[in-house]
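J.: To be precise about what I am sending: the file is called my_file22.cif and holds mmCIF, C-alpha atoms; chains and numbers go by the auth columns.
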data_my_file
#
loop_
_atom_site.group_PDB
_atom_site.id
_atom_site.type_symbol
_atom_site.label_atom_id
_atom_site.label_comp_id
_atom_site.label_asym_id
_atom_site.label_seq_id
_atom_site.Cartn_x
_atom_site.Cartn_y
_atom_site.Cartn_z
_atom_site.B_iso_or_equiv
_atom_site.auth_seq_id
_atom_site.auth_asym_id
ATOM 1 C CA PHE A 1 177.701 145.286 61.215 0.00 1 L
ATOM 2 C CA GLN A 2 176.316 144.001 57.893 0.00 2 L
ATOM 3 C CA VAL A 3 175.319 140.691 59.473 0.00 3 L
ATOM 4 C CA GLU A 4 173.428 142.427 62.278 0.00 4 L
ATOM 5 C CA GLU A 5 171.666 144.736 59.784 0.00 5 L
ATOM 6 C CA GLY A 6 170.697 141.690 57.705 0.00 6 L
ATOM 7 C CA ILE A 7 169.261 139.923 60.729 0.00 7 L
ATOM 8 C CA ARG A 8 167.364 143.040 61.756 0.00 8 L
ATOM 9 C CA ASP A 9 165.901 143.284 58.222 0.00 9 L
ATOM 10 C CA LEU A 10 164.928 139.595 58.342 0.00 10 L
ATOM 11 C CA VAL A 11 163.272 140.035 61.718 0.00 11 L
ATOM 12 C CA ARG A 12 161.367 143.122 60.531 0.00 12 L
ATOM 13 C CA SER A 13 160.292 141.414 57.300 0.00 13 L
ATOM 14 C CA ARG A 14 158.780 138.583 59.314 0.00 14 L
ATOM 15 C CA GLY A 15 156.581 140.955 61.329 0.00 15 L
ATOM 16 C CA LEU A 16 158.500 141.072 64.595 0.00 16 L
ATOM 17 C CA GLY A 17 158.885 144.842 64.647 0.00 17 L
ATOM 18 C CA ASP A 18 159.957 146.256 67.998 0.00 18 L
ATOM 19 C CA VAL A 19 159.423 143.088 70.030 0.00 19 L
ATOM 20 C CA TYR A 20 162.897 141.813 69.119 0.00 20 L
ATOM 21 C CA LYS A 21 165.336 143.734 71.325 0.00 21 L
ATOM 22 C CA ARG A 22 168.784 142.940 69.969 0.00 22 L
ATOM 23 C CA GLN A 23 169.299 139.911 72.162 0.00 23 L
ATOM 24 C CA PRO A 24 171.547 137.059 71.092 0.00 24 L
ATOM 25 C CA LEU A 25 170.284 134.996 68.164 0.00 25 L
ATOM 26 C CA SER A 26 171.144 131.404 67.371 0.00 26 L
ATOM 27 C CA TRP A 27 170.825 129.558 64.050 0.00 27 L
ATOM 28 C CA SER A 28 169.857 125.921 63.643 0.00 28 L
ATOM 29 C CA ARG A 29 172.654 123.766 62.253 0.00 29 L
ATOM 30 C CA ASP A 30 170.949 123.563 58.835 0.00 30 L
ATOM 31 C CA GLY A 31 170.444 127.356 58.725 0.00 31 L
ATOM 32 C CA ARG A 32 166.690 127.022 58.235 0.00 32 L
ATOM 33 C CA THR A 33 165.599 128.212 61.689 0.00 33 L
ATOM 34 C CA LEU A 34 166.541 131.279 63.677 0.00 34 L
ATOM 35 C CA TYR A 35 166.016 131.157 67.455 0.00 35 L
ATOM 36 C CA PHE A 36 165.394 134.420 69.282 0.00 36 L
ATOM 37 C CA ALA A 37 163.874 135.835 72.475 0.00 37 L
ATOM 38 C CA ALA A 38 161.033 138.346 72.431 0.00 38 L
ATOM 39 C CA ASN A 39 157.748 139.327 74.012 0.00 39 L
ATOM 40 C CA ARG A 40 155.317 138.989 71.095 0.00 40 L
ATOM 41 C CA LYS A 41 152.177 139.743 73.102 0.00 41 L
ATOM 42 C CA ALA A 42 149.983 142.651 72.006 0.00 42 L
ATOM 43 C CA ASP A 43 150.673 144.490 75.294 0.00 43 L
ATOM 44 C CA TRP A 44 154.426 143.824 75.286 0.00 44 L
ATOM 45 C CA GLU A 45 155.212 147.392 76.363 0.00 45 L
ATOM 46 C CA LEU A 46 153.445 146.813 79.711 0.00 46 L
ATOM 47 C CA ASP A 47 155.644 143.882 80.738 0.00 47 L
ATOM 48 C CA PRO A 48 159.319 144.702 80.100 0.00 48 L
ATOM 49 C CA VAL A 49 160.570 141.588 81.923 0.00 49 L
ATOM 50 C CA GLU A 50 158.578 139.022 79.916 0.00 50 L
ATOM 51 C CA SER A 51 160.029 137.182 76.904 0.00 51 L
ATOM 52 C CA GLU A 52 159.899 133.710 75.377 0.00 52 L
ATOM 53 C CA ILE A 53 162.238 131.738 73.141 0.00 53 L
ATOM 54 C CA HIS A 54 160.858 131.541 69.583 0.00 54 L
ATOM 55 C CA ALA A 55 161.791 129.611 66.470 0.00 55 L
ATOM 56 C CA LEU A 56 161.496 131.431 63.140 0.00 56 L
ATOM 57 C CA GLU A 57 161.383 129.164 60.077 0.00 57 L
ATOM 58 C CA VAL A 58 163.105 131.460 57.622 0.00 58 L
ATOM 59 C CA ALA A 59 161.572 130.103 54.385 0.00 59 L
ATOM 60 C CA SER A 60 157.938 130.181 55.526 0.00 60 L
ATOM 61 C CA GLY A 61 158.116 132.966 58.104 0.00 61 L
ATOM 62 C CA ARG A 62 156.316 130.739 60.610 0.00 62 L
ATOM 63 C CA ILE A 63 157.116 131.627 64.232 0.00 63 L
ATOM 64 C CA THR A 64 156.645 129.147 67.069 0.00 64 L
ATOM 65 C CA ALA A 65 156.989 129.971 70.767 0.00 65 L
ATOM 66 C CA LEU A 66 159.128 127.285 72.439 0.00 66 L
ATOM 67 C CA THR A 67 158.722 128.505 76.036 0.00 67 L
ATOM 68 C CA GLU A 68 155.600 129.655 77.859 0.00 68 L
ATOM 69 C CA ARG A 69 155.990 130.952 81.370 0.00 69 L
ATOM 70 C CA ASN A 70 155.812 134.197 83.287 0.00 70 L
ATOM 71 C CA GLY A 71 159.340 135.540 83.254 0.00 71 L
ATOM 72 C CA PRO A 72 162.151 136.198 80.828 0.00 72 L
ATOM 73 C CA ASP A 73 163.557 133.456 78.642 0.00 73 L
ATOM 74 C CA ALA A 74 166.543 134.792 76.712 0.00 74 L
ATOM 75 C CA SER A 75 169.887 134.130 75.037 0.00 75 L
ATOM 76 C CA PRO A 76 169.035 130.928 73.126 0.00 76 L
ATOM 77 C CA LEU A 77 172.085 128.891 72.140 0.00 77 L
ATOM 78 C CA VAL A 78 171.852 125.826 69.880 0.00 78 L
ATOM 79 C CA SER A 79 173.958 122.807 70.887 0.00 79 L
ATOM 80 C CA PRO A 80 176.761 121.573 68.618 0.00 80 L
ATOM 81 C CA ASP A 81 174.592 118.694 67.328 0.00 81 L
ATOM 82 C CA GLY A 82 171.570 120.981 66.888 0.00 82 L
ATOM 83 C CA ARG A 83 169.313 118.846 69.079 0.00 83 L
ATOM 84 C CA LYS A 84 169.148 121.083 72.180 0.00 84 L
ATOM 85 C CA ILE A 85 168.834 124.755 73.023 0.00 85 L
ATOM 86 C CA ALA A 86 170.298 126.272 76.169 0.00 86 L
ATOM 87 C CA TYR A 87 168.845 129.551 77.428 0.00 87 L
ATOM 88 C CA LEU A 88 168.740 131.846 80.450 0.00 88 L
ATOM 89 C CA GLY A 89 165.753 132.968 82.498 0.00 89 L
ATOM 90 C CA PHE A 90 163.766 132.881 85.713 0.00 90 L
ATOM 91 C CA ASP A 91 160.197 132.662 86.978 0.00 91 L
ATOM 92 C CA ASP A 92 159.005 136.216 87.582 0.00 92 L
ATOM 93 C CA ALA A 93 157.825 136.339 91.201 0.00 93 L
ATOM 94 C CA ARG A 94 157.679 140.168 91.027 0.00 94 L
ATOM 95 C CA ARG A 95 160.541 140.579 93.481 0.00 95 L
ATOM 96 C CA ALA A 96 163.271 143.180 93.123 0.00 96 L
ATOM 97 C CA TYR A 97 165.863 140.544 92.180 0.00 97 L
ATOM 98 C CA GLU A 98 165.850 136.983 90.888 0.00 98 L
ATOM 99 C CA ASN A 99 168.775 134.746 90.055 0.00 99 L
ATOM 100 C CA THR A 100 169.000 134.015 86.347 0.00 100 L
ATOM 101 C CA HIS A 101 169.055 130.252 85.802 0.00 101 L
ATOM 102 C CA LEU A 102 170.397 128.051 83.011 0.00 102 L
ATOM 103 C CA TYR A 103 167.818 125.951 81.179 0.00 103 L
ATOM 104 C CA VAL A 104 168.061 123.425 78.389 0.00 104 L
ATOM 105 C CA MET A 105 165.349 122.035 76.113 0.00 105 L
ATOM 106 C CA ASN A 106 165.023 120.025 72.942 0.00 106 L
ATOM 107 C CA ALA A 107 165.101 122.091 69.742 0.00 107 L
ATOM 108 C CA ASP A 108 161.321 121.670 69.402 0.00 108 L
ATOM 109 C CA GLY A 109 160.734 123.155 72.887 0.00 109 L
ATOM 110 C CA SER A 110 160.040 119.872 74.662 0.00 110 L
ATOM 111 C CA ASP A 111 161.749 118.533 77.795 0.00 111 L
ATOM 112 C CA ARG A 112 162.569 121.936 79.355 0.00 112 L
ATOM 113 C CA ARG A 113 164.854 121.589 82.383 0.00 113 L
ATOM 114 C CA ASN A 114 166.393 124.039 84.843 0.00 114 L
ATOM 115 C CA LEU A 115 170.016 122.951 85.324 0.00 115 L
ATOM 116 C CA THR A 116 170.761 125.462 88.098 0.00 116 L
ATOM 117 C CA GLY A 117 167.530 125.486 90.108 0.00 117 L
ATOM 118 C CA ASN A 118 169.304 124.610 93.371 0.00 118 L
ATOM 119 C CA TRP A 119 172.228 126.939 92.737 0.00 119 L
ATOM 120 C CA ASP A 120 172.259 130.340 94.484 0.00 120 L
ATOM 121 C CA TYR A 121 174.041 132.298 91.749 0.00 121 L
ATOM 122 C CA SER A 122 172.918 134.208 88.698 0.00 122 L
ATOM 123 C CA VAL A 123 174.195 132.673 85.459 0.00 123 L
ATOM 124 C CA ASP A 124 175.478 134.744 82.544 0.00 124 L
ATOM 125 C CA ALA A 125 177.452 134.306 79.294 0.00 125 L
ATOM 126 C CA ILE A 126 176.799 130.662 78.401 0.00 126 L
ATOM 127 C CA GLN A 127 178.704 128.536 75.889 0.00 127 L
ATOM 128 C CA TRP A 128 178.358 124.888 74.892 0.00 128 L
ATOM 129 C CA GLY A 129 181.343 122.622 75.572 0.00 129 L
ATOM 130 C CA ASP A 130 182.458 119.027 75.852 0.00 130 L
ATOM 131 C CA GLY A 131 180.766 118.082 72.586 0.00 131 L
ATOM 132 C CA GLY A 132 177.360 119.219 73.838 0.00 132 L
ATOM 133 C CA ARG A 133 177.526 117.326 77.147 0.00 133 L
ATOM 134 C CA ALA A 134 177.918 120.484 79.234 0.00 134 L
ATOM 135 C CA LEU A 135 177.701 124.248 79.215 0.00 135 L
ATOM 136 C CA TYR A 136 180.168 126.766 80.535 0.00 136 L
ATOM 137 C CA ALA A 137 178.709 129.776 82.300 0.00 137 L
ATOM 138 C CA GLN A 138 180.003 132.923 83.926 0.00 138 L
ATOM 139 C CA TYR A 139 178.765 133.881 87.381 0.00 139 L
ATOM 140 C CA ASP A 140 179.789 136.145 90.241 0.00 140 L
ATOM 141 C CA ASP A 141 180.406 135.125 93.849 0.00 141 L
ATOM 142 C CA HIS A 142 181.019 137.916 96.381 0.00 142 L
ATOM 143 C CA GLY A 143 182.442 140.214 93.696 0.00 143 L
ATOM 144 C CA GLU A 144 184.623 137.533 92.085 0.00 144 L
ATOM 145 C CA THR A 145 183.873 136.464 88.507 0.00 145 L
ATOM 146 C CA ARG A 146 184.048 132.718 87.954 0.00 146 L
ATOM 147 C CA VAL A 147 183.361 130.211 85.191 0.00 147 L
ATOM 148 C CA ALA A 148 181.614 126.926 85.928 0.00 148 L
ATOM 149 C CA ARG A 149 181.097 123.771 83.899 0.00 149 L
ATOM 150 C CA ILE A 150 177.445 122.764 84.202 0.00 150 L
ATOM 151 C CA GLY A 151 176.683 119.258 83.009 0.00 151 L
ATOM 152 C CA LEU A 152 173.381 118.316 81.432 0.00 152 L
ATOM 153 C CA ASP A 153 172.837 116.206 84.555 0.00 153 L
ATOM 154 C CA GLY A 154 172.987 119.402 86.674 0.00 154 L
ATOM 155 C CA SER A 155 176.469 118.797 88.070 0.00 155 L
ATOM 156 C CA VAL A 156 178.456 122.002 88.616 0.00 156 L
ATOM 157 C CA ARG A 157 182.170 122.573 89.110 0.00 157 L
ATOM 158 C CA ASP A 158 184.310 125.671 88.851 0.00 158 L
ATOM 159 C CA VAL A 159 186.844 125.697 86.039 0.00 159 L
ATOM 160 C CA ALA A 160 188.127 129.257 86.469 0.00 160 L
ATOM 161 C CA THR A 161 188.154 131.626 89.442 0.00 161 L
ATOM 162 C CA GLY A 162 189.659 135.002 90.251 0.00 162 L
ATOM 163 C CA LEU A 163 188.680 136.562 86.926 0.00 163 L
ATOM 164 C CA SER A 164 187.593 139.873 88.431 0.00 164 L
ATOM 165 C CA LEU A 165 189.320 143.036 87.446 0.00 165 L
ATOM 166 C CA ILE A 166 190.441 145.022 90.433 0.00 166 L
ATOM 167 C CA HIS A 167 190.875 148.681 89.665 0.00 167 L
ATOM 168 C CA THR A 168 192.428 151.046 92.103 0.00 168 L
ATOM 169 C CA SER A 169 193.326 154.607 91.547 0.00 169 L
ATOM 170 C CA GLU A 170 195.159 157.097 93.669 0.00 170 L
ATOM 171 C CA PRO A 171 194.449 160.777 93.590 0.00 171 L
ATOM 172 C CA THR A 172 197.140 162.792 91.889 0.00 172 L
#
Can you give me the file's structure in the form of structure tokens?
T.:
Amino acid sequence: FQVEEGIRDLVRSRGLGDVYKRQPLSWSRDGRTLYFAANRKADWELDPVESEIHALEVASGRITALTERNGPDASPLVSPDGRKIAYLGFDDARRAYENTHLYVMNADGSDRRNLTGNWDYSVDAIQWGDGGRALYAQYDDHGETRVARIGLDGSVRDVATGLSLIHTSEPT
């Protein structure tokens, strides 16, 4: 609780106000930069889907947008070596549903790549693994929760299946 309050105070003190919506935050390995997702546009209230990944240099308060597309970019996660950032998002085509994809970019925002562009599942709950050579992600397939290993080369293989909780109840 104290950590979250401290981060909220830091975010407010750097002029982010309401645009930061309690999404996951990720620190650089040296602790000098905080990565977060937000819609920092003046009309942010009119586009609830939009957000970008930003880097906040804590000492100076300088904020740099690392992504720049129409659609949500969220859940930044710094790699173990600090050189890459994984994140979730999709291009907003204004349809009722879009699959959330897994992206990776360099820590400065360059070389953005969609690792799951040809994959027909929505990715959630990412975590770095294999020394930064892959990410593990949760996804659902026909009501079954699974975990996949997604390599930085875009290769995908299931590592856990059948994780769904089946709840049945009988009337008494």
J.: Contacts of Gly89 of chain L at 8 Å or less, counting all atoms listed in the file, minus same-chain residues fewer than 2 places along, as a count of residues only?
T.: 10
J.: With a distance cut-off of 7 Å and all atoms listed in the file, select the neighbouring residues of Val159 of chain L, excluding the residue or stretch itself and same-chain residues fewer than 4 positions from it, and output the selection as an mmCIF file with C-alpha atoms, in the coordinates of the input.
T.:
data_model
loop_
_atom_site.group_PDB
_atom_site.id
_atom_site.type_symbol
_atom_site.label_atom_id
_atom_site.label_comp_id
_atom_site.auth_asym_id
_atom_site.auth_seq_id
_atom_site.Cartn_x
_atom_site.Cartn_y
_atom_site.Cartn_z
ATOM 1 C CA VAL L 147 183.361 130.211 85.191
ATOM 2 C CA ALA L 148 181.614 126.926 85.928
ATOM 3 C CA ARG L 149 181.097 123.771 83.899
#
J.: Name all residues at most 6 Å from segment 126-135 of chain L (count all atoms listed in the file; drop same-chain ones fewer than 3 positions away) and give them as a list in words.
T.: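 These residues fall inside the cut-off: Ser79, Pro80, Arg149, Ile150, Gly151 and Leu152 of chain L.
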J.: Which residues would end up in the selection if the PyMOL selection byres ((chain L and resi 120) around 10) were applied here, given that I need the answer as a VMD selection string?
T.: chain L and resid 98 to 101 116 to 119 121 to 123 141
J.: Can you pull out the residues contacting Gly31 of chain L? Cut-off 10 Å, using only C-alpha atoms, and skip same-chain residues under 5 positions away; I want them as a list in words.
T.: Ser26, Glu57 and Val58 of chain L
J.: Which one is closest to Pro76 of chain L: L:Ala59, L:Leu115, L:Leu163, L:Leu34? Count all atoms listed in the file.
T.: L:Leu34
J.: I would like the residues chosen by the PyMOL selection byres ((chain L and resi 106-110) around 8) on the shown file; could you give them as a count of residues only?
T.: 11
J.: Quick one: residues within 8 Å of Phe36 of chain L, all atoms listed in the file counted, chain neighbours fewer than 2 positions away excluded, as number ranges by chain?
T.: L: 20, 23-26, 34, 38, 53-56, 74-76
J.: Between atom CA of Ala65 of chain L and atom CA of Arg32 of chain L, what is the spacing in Å?
T.: 16.1 Å
J.: Using all atoms listed in the file for the distances, tell me which of L:Val49, L:Thr33, L:Ser60, L:His142 is nearest to Phe90 of chain L.
T.: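 When distances to Phe90 of chain L are compared using all atoms listed in the file, the smallest one comes from L:Val49.
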J.: Using Å and a single decimal, report how far atom CA of Arg157 of chain L sits from atom CA of Asp81 of chain L.
T.: 23.4 Å
J.: Rebuild segment 21-32 of chain L so that it carries all heavy atoms, then output the result as an mmCIF file, in the frame of the given file.
T.:
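Once everything was written out, this is out.cif:
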data_model
loop_
_atom_site.group_PDB
_atom_site.id
_atom_site.type_symbol
_atom_site.label_atom_id
_atom_site.label_comp_id
_atom_site.auth_asym_id
_atom_site.auth_seq_id
_atom_site.Cartn_x
_atom_site.Cartn_y
_atom_site.Cartn_z
ATOM 1 N N LYS L 21 164.548 142.664 70.701
ATOM 2 C CA LYS L 21 165.336 143.734 71.325
ATOM 3 C C LYS L 21 166.838 143.485 71.298
ATOM 4 O O LYS L 21 167.499 143.620 72.297
ATOM 5 C CB LYS L 21 164.858 143.921 72.756
ATOM 6 C CG LYS L 21 163.435 144.372 72.785
ATOM 7 C CD LYS L 21 163.031 144.856 74.128
ATOM 8 C CE LYS L 21 161.637 145.384 73.989
ATOM 9 N NZ LYS L 21 160.997 145.769 75.139
ATOM 10 N N ARG L 22 167.341 143.087 70.154
ATOM 11 C CA ARG L 22 168.784 142.940 69.969
ATOM 12 C C ARG L 22 169.413 141.992 70.982
ATOM 13 O O ARG L 22 170.505 142.233 71.454
ATOM 14 C CB ARG L 22 169.462 144.306 69.984
ATOM 15 C CG ARG L 22 168.995 145.196 68.863
ATOM 16 C CD ARG L 22 169.577 146.569 68.986
ATOM 17 N NE ARG L 22 171.022 146.525 68.853
ATOM 18 C CZ ARG L 22 171.695 147.103 67.886
ATOM 19 N NH1 ARG L 22 171.074 147.769 66.975
ATOM 20 N NH2 ARG L 22 172.998 147.028 67.857
ATOM 21 N N GLN L 23 168.723 140.942 71.304
ATOM 22 C CA GLN L 23 169.299 139.911 72.162
ATOM 23 C C GLN L 23 170.052 138.925 71.282
ATOM 24 O O GLN L 23 169.895 138.933 70.060
ATOM 25 C CB GLN L 23 168.199 139.203 72.932
ATOM 26 C CG GLN L 23 167.556 140.082 73.960
ATOM 27 C CD GLN L 23 166.842 139.259 75.019
ATOM 28 O OE1 GLN L 23 166.912 138.043 75.048
ATOM 29 N NE2 GLN L 23 166.148 139.936 75.887
ATOM 30 N N PRO L 24 170.832 138.058 71.894
ATOM 31 C CA PRO L 24 171.547 137.059 71.092
ATOM 32 C C PRO L 24 170.590 136.197 70.273
ATOM 33 O O PRO L 24 169.501 135.846 70.720
ATOM 34 C CB PRO L 24 172.260 136.209 72.149
ATOM 35 C CG PRO L 24 172.388 137.098 73.332
ATOM 36 C CD PRO L 24 171.162 137.970 73.314
ATOM 37 N N LEU L 25 171.016 135.870 69.066
ATOM 38 C CA LEU L 25 170.284 134.996 68.164
ATOM 39 C C LEU L 25 171.094 133.736 67.966
ATOM 40 O O LEU L 25 172.314 133.743 68.098
ATOM 41 C CB LEU L 25 170.103 135.679 66.804
ATOM 42 C CG LEU L 25 169.418 137.039 66.810
ATOM 43 C CD1 LEU L 25 169.596 137.723 65.457
ATOM 44 C CD2 LEU L 25 167.949 136.866 67.117
ATOM 45 N N SER L 26 170.426 132.648 67.619
ATOM 46 C CA SER L 26 171.144 131.404 67.371
ATOM 47 C C SER L 26 170.498 130.687 66.190
ATOM 48 O O SER L 26 169.277 130.535 66.147
ATOM 49 C CB SER L 26 171.109 130.520 68.629
ATOM 50 O OG SER L 26 172.004 129.445 68.511
ATOM 51 N N TRP L 27 171.304 130.260 65.238
ATOM 52 C CA TRP L 27 170.825 129.558 64.050
ATOM 53 C C TRP L 27 170.812 128.059 64.272
ATOM 54 O O TRP L 27 171.698 127.509 64.929
ATOM 55 C CB TRP L 27 171.731 129.853 62.859
ATOM 56 C CG TRP L 27 171.595 131.233 62.324
ATOM 57 C CD1 TRP L 27 172.368 132.321 62.624
ATOM 58 C CD2 TRP L 27 170.606 131.692 61.401
ATOM 59 N NE1 TRP L 27 171.920 133.416 61.942
ATOM 60 C CE2 TRP L 27 170.845 133.069 61.178
ATOM 61 C CE3 TRP L 27 169.545 131.069 60.741
ATOM 62 C CZ2 TRP L 27 170.060 133.831 60.322
ATOM 63 C CZ3 TRP L 27 168.767 131.838 59.878
ATOM 64 C CH2 TRP L 27 169.023 133.197 59.674
ATOM 65 N N SER L 28 169.846 127.385 63.671
ATOM 66 C CA SER L 28 169.857 125.921 63.643
ATOM 67 C C SER L 28 171.062 125.481 62.816
ATOM 68 O O SER L 28 171.612 126.260 62.030
ATOM 69 C CB SER L 28 168.558 125.383 63.038
ATOM 70 O OG SER L 28 168.443 125.793 61.675
ATOM 71 N N ARG L 29 171.468 124.250 62.959
ATOM 72 C CA ARG L 29 172.654 123.766 62.253
ATOM 73 C C ARG L 29 172.446 123.743 60.745
ATOM 74 O O ARG L 29 173.389 123.890 59.991
ATOM 75 C CB ARG L 29 173.047 122.374 62.761
ATOM 76 C CG ARG L 29 173.518 122.389 64.201
ATOM 77 C CD ARG L 29 174.738 123.276 64.360
ATOM 78 N NE ARG L 29 174.973 123.586 65.753
ATOM 79 C CZ ARG L 29 175.308 124.779 66.207
ATOM 80 N NH1 ARG L 29 175.449 125.784 65.412
ATOM 81 N NH2 ARG L 29 175.517 124.974 67.480
ATOM 82 N N ASP L 30 171.209 123.568 60.274
ATOM 83 C CA ASP L 30 170.949 123.563 58.835
ATOM 84 C C ASP L 30 170.678 124.960 58.280
ATOM 85 O O ASP L 30 170.480 125.132 57.078
ATOM 86 C CB ASP L 30 169.798 122.615 58.485
ATOM 87 C CG ASP L 30 168.477 123.008 59.129
ATOM 88 O OD1 ASP L 30 168.367 124.125 59.696
ATOM 89 O OD2 ASP L 30 167.542 122.187 59.067
ATOM 90 N N GLY L 31 170.647 125.987 59.157
ATOM 91 C CA GLY L 31 170.444 127.356 58.725
ATOM 92 C C GLY L 31 169.015 127.692 58.335
ATOM 93 O O GLY L 31 168.751 128.759 57.803
ATOM 94 N N ARG L 32 168.082 126.798 58.622
ATOM 95 C CA ARG L 32 166.690 127.022 58.235
ATOM 96 C C ARG L 32 165.857 127.694 59.325
ATOM 97 O O ARG L 32 164.778 128.201 59.060
ATOM 98 C CB ARG L 32 166.036 125.700 57.857
ATOM 99 C CG ARG L 32 166.656 125.088 56.640
ATOM 100 C CD ARG L 32 166.000 123.792 56.300
ATOM 101 N NE ARG L 32 166.651 123.214 55.138
ATOM 102 C CZ ARG L 32 166.393 122.025 54.672
ATOM 103 N NH1 ARG L 32 165.483 121.274 55.264
ATOM 104 N NH2 ARG L 32 167.027 121.571 53.615
#
